[in-house]
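my_file.txt, holding compact mmCIF, C-alpha atoms and all ligand atoms:
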# COMPACT_ATOMS: atom_id res chain seq x y z
CA MET A 485 12.93 -35.04 -51.67
CA LEU A 486 16.43 -33.68 -51.16
CA LYS A 487 18.18 -34.89 -48.05
CA VAL A 488 20.58 -33.33 -45.56
CA GLY A 489 22.79 -35.79 -43.68
CA ILE A 490 24.21 -35.25 -40.18
CA VAL A 491 27.78 -36.50 -40.07
CA GLY A 492 30.40 -36.65 -37.31
CA LEU A 493 32.25 -38.87 -34.86
CA PRO A 494 30.38 -41.14 -32.43
CA ASN A 495 28.95 -39.16 -29.50
CA ALA A 496 29.25 -35.81 -31.29
CA GLY A 497 25.54 -35.32 -30.56
CA LYS A 498 24.18 -36.13 -34.01
CA SER A 499 21.04 -37.91 -32.84
CA THR A 500 20.42 -35.19 -30.26
CA LEU A 501 20.54 -32.56 -33.01
CA PHE A 502 18.45 -34.74 -35.31
CA ASN A 503 15.76 -35.00 -32.63
CA ALA A 504 15.79 -31.24 -32.13
CA LEU A 505 15.37 -30.72 -35.88
CA THR A 506 12.72 -33.33 -36.57
CA ARG A 507 11.31 -34.36 -33.17
CA ALA A 508 11.61 -37.88 -34.46
CA GLY A 509 12.77 -39.35 -31.13
CA ALA A 510 15.92 -41.17 -32.26
CA GLU A 511 17.89 -43.05 -29.60
CA VAL A 512 20.51 -40.98 -27.77
CA ALA A 513 23.07 -42.47 -25.36
CA THR A 514 26.41 -41.75 -23.70
CA TYR A 515 28.17 -44.65 -25.44
CA PRO A 516 29.48 -44.61 -29.05
CA PHE A 517 27.72 -46.21 -32.04
CA THR A 518 24.25 -45.76 -30.60
CA THR A 519 23.02 -45.08 -34.10
CA ILE A 520 23.54 -48.01 -36.44
CA GLU A 521 20.67 -47.84 -38.86
CA LYS A 522 20.22 -44.31 -40.15
CA ASN A 523 17.25 -42.29 -38.84
CA ILE A 524 15.20 -40.23 -41.25
CA GLY A 525 12.97 -37.31 -40.28
CA ILE A 526 11.32 -34.23 -41.68
CA ALA A 527 11.76 -30.62 -40.53
CA GLN A 528 9.61 -27.66 -41.46
CA ILE A 529 11.49 -24.81 -43.08
CA PRO A 530 11.03 -21.64 -41.03
CA ASP A 531 9.60 -19.04 -43.38
CA LYS A 532 8.95 -15.39 -42.48
CA LYS A 533 7.43 -14.69 -45.91
CA LEU A 534 4.93 -17.52 -45.51
CA GLU A 535 3.93 -16.24 -42.08
CA LYS A 536 3.45 -12.74 -43.50
CA ILE A 537 1.32 -14.05 -46.39
CA GLY A 538 -0.72 -15.97 -43.80
CA GLU A 539 -1.29 -12.78 -41.78
CA LEU A 540 -2.45 -10.91 -44.88
CA LEU A 541 -4.70 -13.54 -46.46
CA LYS A 542 -5.81 -15.38 -43.30
CA PRO A 543 -6.16 -18.85 -44.85
CA LYS A 544 -7.39 -21.74 -42.67
CA ILE A 545 -4.23 -23.74 -43.23
CA VAL A 546 -0.64 -22.57 -43.59
CA THR A 547 1.71 -25.30 -44.80
CA HIS A 548 5.49 -24.97 -44.61
CA ALA A 549 7.97 -26.44 -47.05
CA THR A 550 9.98 -29.31 -45.55
CA THR A 551 13.44 -30.85 -45.77
CA GLU A 552 14.50 -34.37 -44.94
CA PHE A 553 17.29 -34.89 -42.41
CA VAL A 554 19.22 -38.13 -42.03
CA ASP A 555 21.00 -39.05 -38.80
CA ILE A 556 23.95 -41.19 -39.85
CA ALA A 557 26.07 -43.64 -37.84
CA GLY A 558 29.22 -42.18 -36.24
CA LEU A 559 32.44 -42.30 -38.20
CA VAL A 560 35.89 -43.27 -36.93
CA ALA A 561 39.38 -43.21 -38.41
CA GLY A 562 39.67 -46.03 -40.92
CA ALA A 563 35.98 -45.95 -41.89
CA SER A 564 36.91 -45.89 -45.57
CA LYS A 565 38.67 -49.20 -44.97
CA GLY A 566 35.68 -50.63 -43.13
CA GLU A 567 36.50 -49.66 -39.50
CA GLY A 568 33.61 -48.95 -37.15
CA LEU A 569 30.47 -49.02 -39.21
CA GLY A 570 32.61 -47.88 -42.14
CA ASN A 571 31.05 -48.90 -45.38
CA LYS A 572 27.48 -48.57 -44.23
CA PHE A 573 28.18 -45.08 -42.96
CA LEU A 574 29.77 -44.03 -46.23
CA ALA A 575 26.92 -45.43 -48.32
CA HIS A 576 24.48 -43.38 -46.27
CA ILE A 577 26.51 -40.22 -46.83
CA ARG A 578 26.58 -40.91 -50.57
CA GLU A 579 22.77 -40.79 -50.60
CA VAL A 580 22.47 -37.26 -49.16
CA ASP A 581 22.54 -33.98 -51.09
CA ALA A 582 24.23 -31.87 -48.40
CA ILE A 583 26.11 -32.46 -45.16
CA LEU A 584 25.86 -31.02 -41.66
CA HIS A 585 29.20 -31.86 -40.10
CA LEU A 586 28.69 -31.84 -36.33
CA VAL A 587 31.82 -31.47 -34.21
CA ARG A 588 31.94 -32.23 -30.49
CA CYS A 589 33.30 -29.28 -28.52
CA PHE A 590 31.44 -30.00 -25.29
CA GLU A 591 33.12 -31.54 -22.24
CA ASP A 592 30.93 -34.01 -20.37
CA ALA A 593 32.39 -36.66 -18.09
CA GLU A 594 29.31 -38.82 -18.63
CA VAL A 595 29.77 -38.97 -22.38
CA SER A 596 32.57 -41.26 -23.55
CA GLY A 597 35.19 -40.09 -26.00
CA THR A 598 37.55 -37.10 -26.06
CA VAL A 599 37.07 -33.46 -27.01
CA GLU A 600 39.46 -32.80 -29.88
CA PRO A 601 37.53 -30.78 -32.41
CA LEU A 602 40.36 -30.11 -34.85
CA LYS A 603 41.44 -33.76 -34.90
CA ASP A 604 37.82 -34.85 -35.33
CA ILE A 605 37.30 -32.51 -38.27
CA GLU A 606 40.49 -33.75 -39.92
CA THR A 607 39.47 -37.37 -39.33
CA VAL A 608 36.11 -36.94 -41.01
CA LYS A 609 37.57 -34.95 -43.89
CA LEU A 610 40.29 -37.53 -44.44
CA GLU A 611 37.87 -40.46 -44.39
CA LEU A 612 35.60 -38.79 -46.91
CA ALA A 613 38.57 -38.03 -49.16
CA LEU A 614 39.88 -41.60 -48.84
CA ALA A 615 36.45 -42.98 -49.71
CA ASP A 616 36.39 -40.78 -52.82
CA LEU A 617 39.91 -41.83 -53.75
CA ASP A 618 38.95 -45.48 -53.41
CA PHE A 619 35.90 -44.90 -55.58
CA VAL A 620 37.86 -43.04 -58.26
CA GLU A 621 40.67 -45.60 -58.31
CA LYS A 622 38.22 -48.46 -58.78
CA LYS A 623 36.55 -46.58 -61.60
CA ILE A 624 39.92 -45.88 -63.23
CA GLY A 625 40.84 -49.56 -62.95
CA LYS A 626 37.66 -50.59 -64.75
CA LEU A 627 38.01 -47.96 -67.47
CA GLN A 628 41.67 -48.79 -68.14
CA LYS A 629 40.59 -52.25 -69.24
CA ALA A 630 37.81 -50.84 -71.39
CA ALA A 631 40.11 -48.15 -72.87
CA LYS A 632 42.17 -50.82 -74.61
CA SER A 633 39.44 -50.90 -77.24
CA GLY A 634 40.59 -47.38 -78.25
CA ASN A 635 37.23 -45.74 -77.54
CA GLU A 636 37.75 -41.93 -77.41
CA ALA A 637 34.93 -41.24 -74.93
CA ILE A 638 36.42 -43.69 -72.45
CA LYS A 639 39.86 -42.11 -72.85
CA THR A 640 38.42 -38.66 -72.12
CA GLU A 641 36.65 -39.94 -69.05
CA LEU A 642 39.84 -41.61 -67.84
CA GLU A 643 41.72 -38.34 -68.17
CA SER A 644 39.09 -36.49 -66.23
CA LEU A 645 39.09 -39.15 -63.48
CA GLN A 646 42.87 -38.93 -63.31
CA ARG A 647 42.59 -35.17 -62.74
CA ILE A 648 40.02 -35.75 -59.98
CA LYS A 649 42.35 -38.30 -58.38
CA ASP A 650 45.23 -35.79 -58.45
CA SER A 651 43.04 -33.14 -56.81
CA ILE A 652 42.00 -35.49 -54.01
CA GLN A 653 45.61 -36.50 -53.37
CA LYS A 654 46.75 -32.88 -53.28
CA ASP A 655 43.78 -31.94 -51.07
CA GLU A 656 42.61 -29.43 -53.68
CA SER A 657 39.02 -28.63 -54.46
CA ILE A 658 37.62 -30.97 -57.07
CA LYS A 659 36.22 -29.51 -60.26
CA HIS A 660 34.10 -31.05 -63.00
CA SER A 661 33.13 -34.16 -61.09
CA LYS A 662 29.44 -34.07 -61.92
CA GLY A 663 27.83 -37.47 -62.07
CA TYR A 664 30.29 -39.21 -59.73
CA ASN A 665 28.48 -38.15 -56.54
CA LEU A 666 31.72 -37.72 -54.58
CA LEU A 667 31.47 -37.21 -50.82
CA THR A 668 33.97 -34.36 -50.66
CA THR A 669 32.09 -32.28 -53.23
CA LYS A 670 28.81 -32.25 -51.33
CA PRO A 671 27.89 -28.85 -49.91
CA CYS A 672 28.70 -28.79 -46.20
CA LEU A 673 27.94 -26.71 -43.13
CA TYR A 674 30.07 -27.08 -39.99
CA LEU A 675 28.30 -27.07 -36.63
CA LEU A 676 30.35 -26.79 -33.47
CA ASN A 677 28.45 -28.49 -30.67
CA LEU A 678 29.33 -26.40 -27.60
CA SER A 679 28.65 -27.04 -23.94
CA GLU A 680 25.68 -25.20 -22.50
CA LYS A 681 28.11 -22.98 -20.57
CA ASP A 682 30.22 -22.04 -23.61
CA LEU A 683 27.17 -21.25 -25.69
CA THR A 684 25.35 -19.15 -23.13
CA SER A 685 28.42 -17.30 -21.79
CA LYS A 686 29.23 -16.22 -25.37
CA ASN A 687 32.93 -16.45 -24.51
CA PHE A 688 33.65 -19.10 -27.08
CA THR A 689 35.70 -18.05 -30.07
CA VAL A 690 36.42 -20.48 -32.85
CA PRO A 691 40.11 -21.49 -32.49
CA ASP A 692 42.34 -20.23 -35.31
CA GLN A 693 43.42 -23.75 -36.17
CA ILE A 694 39.83 -24.74 -36.82
CA ARG A 695 39.21 -21.58 -38.85
CA ASN A 696 42.29 -22.31 -40.92
CA SER A 697 41.35 -25.92 -41.42
CA LEU A 698 37.87 -24.99 -42.63
CA GLY A 699 38.91 -22.04 -44.80
CA SER A 700 35.87 -20.29 -46.17
CA GLU A 701 33.40 -22.97 -45.03
CA LYS A 702 30.53 -21.71 -42.95
CA ILE A 703 30.49 -22.41 -39.19
CA VAL A 704 27.51 -22.26 -36.83
CA LEU A 705 27.82 -22.48 -33.04
CA ILE A 706 25.14 -24.58 -31.40
CA SER A 707 24.29 -26.64 -28.34
CA ALA A 708 22.46 -29.69 -29.59
CA LYS A 709 21.34 -30.44 -26.05
CA ILE A 710 19.79 -27.01 -25.47
CA GLU A 711 18.12 -27.14 -28.87
CA GLU A 712 16.67 -30.54 -28.08
CA GLU A 713 15.31 -29.25 -24.76
CA LEU A 714 13.87 -26.16 -26.44
CA SER A 715 12.25 -28.19 -29.21
CA GLU A 716 10.25 -30.11 -26.62
CA LEU A 717 8.63 -26.97 -25.20
CA GLU A 718 5.52 -25.13 -26.33
CA ARG A 719 6.15 -21.89 -28.19
CA ASN A 720 5.64 -19.52 -25.22
CA GLU A 721 7.65 -21.61 -22.82
CA ARG A 722 10.35 -21.92 -25.40
CA GLU A 723 10.64 -18.15 -25.71
CA GLU A 724 10.84 -17.77 -21.95
CA TYR A 725 13.51 -20.44 -21.56
CA ARG A 726 15.49 -18.96 -24.43
CA LYS A 727 15.47 -15.55 -22.76
CA GLU A 728 16.45 -17.13 -19.46
CA LEU A 729 19.44 -18.75 -21.16
CA GLY A 730 20.27 -15.49 -22.91
CA ILE A 731 20.16 -16.95 -26.43
CA GLU A 732 18.74 -14.41 -28.84
CA ASP A 733 19.09 -16.30 -32.06
CA PHE A 734 16.91 -19.16 -33.12
CA THR A 735 19.92 -21.33 -33.74
CA LEU A 736 17.90 -24.27 -34.97
CA ASP A 737 16.13 -22.04 -37.48
CA VAL A 738 19.52 -20.80 -38.66
CA VAL A 739 20.68 -24.40 -39.10
CA ILE A 740 17.57 -25.36 -41.05
CA GLU A 741 17.76 -22.26 -43.23
CA GLU A 742 21.46 -22.74 -43.92
CA SER A 743 20.87 -26.43 -44.73
CA TYR A 744 18.19 -25.33 -47.11
CA ASN A 745 20.58 -22.89 -48.77
CA LEU A 746 23.13 -25.67 -49.24
CA LEU A 747 20.58 -27.47 -51.39
CA ASN A 748 20.27 -24.54 -53.81
CA LEU A 749 16.53 -24.34 -53.47
CA ILE A 750 14.11 -21.45 -53.81
CA LYS A 751 10.61 -21.15 -52.45
CA PHE A 752 7.38 -20.39 -54.22
CA TYR A 753 3.90 -20.12 -52.76
CA THR A 754 0.36 -21.17 -53.64
CA ILE A 755 -2.62 -19.40 -52.07
CA LYS A 756 -5.55 -21.27 -53.55
CA GLY A 757 -8.67 -21.99 -51.45
CA GLU A 758 -8.20 -22.52 -47.75
CA GLU A 759 -4.53 -23.38 -47.84
CA THR A 760 -1.53 -21.12 -48.25
CA ARG A 761 1.50 -23.25 -48.89
CA ALA A 762 5.25 -22.91 -49.38
CA TRP A 763 7.02 -25.20 -51.84
CA SER A 764 10.70 -25.83 -52.51
CA ILE A 765 12.15 -26.19 -55.95
CA LYS A 766 15.63 -26.19 -57.47
CA GLU A 767 16.90 -22.76 -58.42
CA GLY A 768 16.51 -22.32 -62.18
CA SER A 769 13.25 -24.31 -62.42
CA LYS A 770 10.45 -23.34 -64.78
CA ILE A 771 6.83 -22.83 -63.83
CA ILE A 772 5.94 -26.07 -65.61
CA ASP A 773 8.25 -27.91 -63.15
CA ALA A 774 6.39 -26.23 -60.30
CA ALA A 775 3.06 -27.33 -61.79
CA TYR A 776 4.22 -30.96 -61.91
CA LYS A 777 5.51 -30.65 -58.36
CA ILE A 778 2.12 -29.51 -57.06
CA HIS A 779 0.17 -32.15 -58.97
CA THR A 780 0.86 -34.31 -62.02
CA ASP A 781 -2.53 -33.32 -63.50
CA MET A 782 -1.57 -29.69 -63.16
CA GLY A 783 1.61 -30.28 -65.10
CA LYS A 784 -0.05 -32.36 -67.82
CA GLY A 785 -2.98 -29.97 -68.29
CA PHE A 786 -1.01 -26.73 -67.84
CA ILE A 787 -2.57 -23.75 -69.67
CA ARG A 788 -0.95 -20.69 -68.11
CA ALA A 789 0.06 -19.28 -64.75
CA GLU A 790 -0.76 -16.11 -62.89
CA VAL A 791 2.32 -14.92 -61.03
CA PHE A 792 3.12 -12.10 -58.66
CA SER A 793 5.91 -11.45 -56.23
CA TYR A 794 5.82 -11.61 -52.46
CA ASP A 795 7.21 -8.05 -52.29
CA ASP A 796 4.39 -6.70 -54.47
CA LEU A 797 1.76 -8.49 -52.39
CA LEU A 798 3.27 -6.99 -49.28
CA SER A 799 3.31 -3.45 -50.65
CA CYS A 800 -0.27 -3.71 -52.02
CA SER A 801 -1.48 -5.70 -48.97
CA SER A 802 -4.22 -7.46 -50.94
CA VAL A 803 -4.46 -9.51 -54.12
CA SER A 804 -7.21 -7.33 -55.59
CA ARG A 805 -5.19 -4.14 -55.13
CA LEU A 806 -2.19 -5.89 -56.61
CA LYS A 807 -4.31 -6.82 -59.66
CA ASP A 808 -5.55 -3.23 -59.98
CA ALA A 809 -1.97 -2.05 -60.00
CA GLY A 810 -1.24 -4.39 -62.91
CA LEU A 811 1.31 -6.39 -60.94
CA LEU A 812 -0.17 -9.80 -61.67
CA LYS A 813 1.53 -11.30 -64.71
CA ILE A 814 0.31 -14.05 -67.03
CA GLU A 815 3.14 -16.45 -67.79
CA GLY A 816 3.66 -19.46 -70.05
CA ARG A 817 5.26 -22.82 -69.24
CA ASP A 818 8.87 -21.68 -69.70
CA TYR A 819 8.69 -18.86 -67.15
CA LEU A 820 11.70 -19.08 -64.77
CA LEU A 821 10.55 -19.09 -61.16
CA LYS A 822 11.97 -16.52 -58.78
CA ASP A 823 12.33 -16.95 -55.04
CA GLY A 824 9.18 -15.62 -53.38
CA ASP A 825 6.90 -15.95 -56.41
CA ILE A 826 3.24 -16.55 -55.64
CA VAL A 827 1.65 -18.65 -58.37
CA LEU A 828 -1.80 -19.68 -59.46
CA ILE A 829 -1.76 -22.31 -62.18
CA LYS A 830 -4.61 -22.68 -64.66
CA PHE A 831 -4.98 -26.17 -66.08
CA HIS A 832 -7.55 -28.41 -67.64
N1 LIG B 901 26.61 -31.79 -22.42
C1 LIG B 901 26.17 -32.04 -23.66
N2 LIG B 901 25.91 -33.31 -23.99
C2 LIG B 901 25.48 -33.55 -25.23
C3 LIG B 901 25.27 -32.54 -26.20
N3 LIG B 901 24.84 -33.10 -27.34
C4 LIG B 901 24.78 -34.42 -27.08
N4 LIG B 901 25.15 -34.70 -25.82
C5 LIG B 901 25.21 -36.00 -25.14
O1 LIG B 901 26.18 -36.78 -25.80
C6 LIG B 901 25.79 -38.16 -25.84
C7 LIG B 901 25.78 -38.64 -27.29
O2 LIG B 901 24.76 -37.98 -28.01
P1 LIG B 901 24.11 -38.63 -29.32
O3 LIG B 901 23.17 -37.63 -29.85
O4 LIG B 901 23.62 -40.00 -29.03
O5 LIG B 901 25.42 -38.71 -30.23
P2 LIG B 901 25.60 -39.34 -31.67
O6 LIG B 901 26.54 -38.45 -32.39
O7 LIG B 901 24.28 -39.59 -32.28
O8 LIG B 901 26.34 -40.70 -31.31
P3 LIG B 901 26.37 -42.09 -32.18
O9 LIG B 901 24.99 -42.43 -32.61
O10 LIG B 901 26.91 -43.06 -31.18
O11 LIG B 901 27.31 -41.84 -33.29
C8 LIG B 901 24.41 -38.21 -25.19
O12 LIG B 901 24.59 -38.58 -23.84
C9 LIG B 901 23.92 -36.78 -25.28
O13 LIG B 901 23.02 -36.45 -24.25
C10 LIG B 901 25.54 -31.20 -25.82
O14 LIG B 901 25.36 -30.24 -26.57
N5 LIG B 901 25.99 -31.01 -24.54
MG MG B 902 23.40 -41.28 -32.89

Encoding of this model in structure tokens:
Amino acid sequence: MLKVGIVGLPNAGKSTLFNALTRAGAEVATYPFTTIEKNIGIAQIPDKKLEKIGELLKPKIVTHATTEFVDIAGLVAGASKGEGLGNKFLAHIREVDAILHLVRCFEDAEVSGTVEPLKDIETVKLELALADLDFVEKKIGKLQKAAKSGNEAIKTELESLQRIKDSIQKDESIKHSKGYNLLTTKPCLYLLNLSEKDLTSKNFTVPDQIRNSLGSEKIVLISAKIEEELSELERNEREEYRKELGIEDFTLDVVIEESYNLLNLIKFYTIKGEETRAWSIKEGSKIIDAAYKIHTDMGKGFIRAEVFSYDDLLSCSSVSRLKDAGLLKIEGRDYLLKDGDIVLIKFH
């Protein structure tokens, strides 16, 4: 499963956010480096289409797609050189497919550390870049020895690594680095962790310096603490408390959805028997990939698939009417899945 890692300085509120997302109950404390070993948890992807399909077809079970979140140890300046929990932290970031970069903006005398969001952002960005530089330099060192043999492929790779190194040093975006799994090329969403007061008063505007530093990167305002409190409540109570606080948006849902988008996934649905279920798959996948994802036997014994779109189901409001209207298509194994496709796979 694809993973989203939560990254930031110690005491930024990473474990608090992680608990809100996954209800996994990771340890939270006012002192730094509470998290040493990474925590892994699963969050359901909020899905309005799935809920709508559920309302129409009334299956016994409705199953959401999920994403894995990883709560990673806090990072400090010098991590790339082994400071703090340096190397461990960086190895855990290397394993994730996308990053939620959580930035402390909340004042709280109880919680140690300072509130310097811009500095914190720059620190994390610099450490990730330095870790990439270190990785690329080591790789170049190894290849330079091998290149003495005159092998053309090695020479080409060396040139491309040299270009990547230049980009990192000039703080430019890195192109054509597929296969190296660099930290700075992972898709990233910035979350500003505001105090309860700043979030609910809606007076907080993102400082220009932060906007400039992040360029076109996406920013979401959140209070990890409020989200954690909300996540512990039952649905009705949660709604009430949210209204009381004056928060209209389901911030946590926004975070999960945006994380999901970072992973370049689309959703498809199965409606067989008593269960209606949402599945995630990489954009650009074929129906045969979906069949294997559901069950290996389904992939191996694939005959054909019946496919219709969520929009057509909604406008016809039943599968039989949709069939009458000729909107159910028979597709072969190479059919390219579209977001919102509802599929029934025939196999032997
Ligand atoms: N006031 C306030 N406190 C928060 C918020 N988010 C987290 N905290 C507090 O900040 C402290 C640190 O939170 P953690 O979630 O443990 O932070 P962390 O980033 O996981 O820290 P490390 O594991 O040490 O890297 C705890 O006392 C939290 O209760 C917030 O939104 N507002
Ligand atoms: Mg933690």

query = Near Glu521 (chain A), within 12 Å and counting all atoms listed in the file, which residues show up once chain neighbours fewer than 4 positions away are dropped, as a list of chain:residue names?
reply =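 So the residues in contact are A:Ser499, A:Ala510, A:Glu511, A:Phe517, A:Val554, A:Asp555, A:Ile556, A:Ala557, A:Gly558, A:Leu569, A:Lys572, A:Phe573, A:Ala575, A:His576.
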
task = Kindly provide, as a count of residues only, the polymer residues lying within 8 Å of (13.6, -22.4, -63.6), counting only C-alpha atoms and using the coordinates exactly as they appear in the file.
result = 12

key: Gap from CA of Leu666 (chain A) to CA of Lys522 (chain A) - Å, one decimal   =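 So the two atoms, CA of Leu666 (chain A) and CA of Lys522 (chain A), lie 19.6 Å apart.
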
message = As a quick test: using only C-alpha atoms and all ligand atoms, which residues lie no more than 9 Å away from ligand LIG 901 (chain B)? Give them as a PyMOL selection string.
response = chain A and resi 490-503+510-520+555-559+586-596+677-680+706-712

query = Using all atoms listed in the file, which of A:Ile537, A:Ile829, A:Leu705, A:His660 sits nearest Asp682 (chain A)?
reply =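 When distances to Asp682 (chain A) are compared using all atoms listed in the file, the smallest one comes from A:Leu705.
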
task = Figure out the distance between CA of Lys784 (chain A) and CA of Ile826 (chain A), please, to one decimal in Å.
result = 20.2 Å

Residues within 10 Å of Leu828 (chain A), only C-alpha atoms, excluding chain neighbours under 3 positions, as a list in words =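 Selected residues are Tyr753, Thr754, Ile755, Lys756, Ala775, Arg788, Ala789, Glu790, Val791, Phe792, Ile814, Asp825 and Phe831 of chain A.
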
ask   = What is the distance between CA of Asp808 (chain A) and CA of Glu535 (chain A), in Å to one decimal?
value =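 Result for CA of Asp808 (chain A) versus CA of Glu535 (chain A): 24.1 Å, one decimal.
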
Pick from A:Leu574, A:Ile731, A:Val827, A:Ile545 nearest to Ile772 (chain A), counting all atoms listed in the file =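 Closest residue, counting all atoms listed in the file: A:Val827.
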
message = Calculated over all atoms listed in the file, which of the candidates A:Gly538, A:Pro543, A:Gly810, A:Pro691 has the smallest distance to Leu798 (chain A)?
response =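 Closest to Leu798 (chain A), using all atoms listed in the file: A:Gly538.
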
inquiry  = Please determine, counting all atoms listed in the file, which residue among A:Thr607, A:Ser633, A:Asn665, A:Gln653 has the shortest atom-to-atom distance to Glu579 (chain A).
reply    =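 Using all atoms listed in the file, Glu579 (chain A) sits closest to A:Asn665.
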
ask   = Hey, which of A:Glu606, A:Leu614, A:Leu540, A:Ala508 ends up closest to Val803 (chain A)? Count all atoms listed in the file.
value = A:Leu540

Quick one: axis-aligned box around all listed atoms of region 778-797 of chain A, 8 Å on every side, centre and edge lengths in Å to one decimal, written as AutoDock Vina command-line options.
--center_x 2.1 --center_y -20.5 --center_z -61.0 --size_x 26.2 --size_y 43.6 --size_z 33.4

So that I can check the surroundings of Glu732 (chain A), please list as a compact mmCIF listing (two decimals) with C-alpha atoms, in the frame of the given file every protein, DNA and RNA residue that reaches within 12 Å of it, counting only C-alpha atoms and ignoring chain neighbours fewer than 5 positions away.
# COMPACT_ATOMS: atom_id res chain seq x y z
CA LEU A 683 27.17 -21.25 -25.69
CA THR A 684 25.35 -19.15 -23.13
CA LYS A 686 29.23 -16.22 -25.37
CA ARG A 722 10.35 -21.92 -25.40
CA GLU A 723 10.64 -18.15 -25.71
CA GLU A 724 10.84 -17.77 -21.95
CA TYR A 725 13.51 -20.44 -21.56
CA ARG A 726 15.49 -18.96 -24.43
CA LYS A 727 15.47 -15.55 -22.76
CA ASP A 737 16.13 -22.04 -37.48
CA VAL A 738 19.52 -20.80 -38.66

ask   = For ligand MG 902 (chain B), which residue among A:Val690, A:Leu486, A:Ile765, A:Ile524 is the nearest when counting only C-alpha atoms and all ligand atoms?
value =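 Going through A:Val690, A:Leu486, A:Ile765, A:Ile524 one by one, the smallest distance to ligand MG 902 (chain B) is for A:Ile524.
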
key: Selection: 9 Å around Ala762 (chain A), only C-alpha atoms, excl. self and same-chain fewer than 2 positions, as a PyMOL selection string   = chain A and resi 531+534+546-550+751-754+760+764
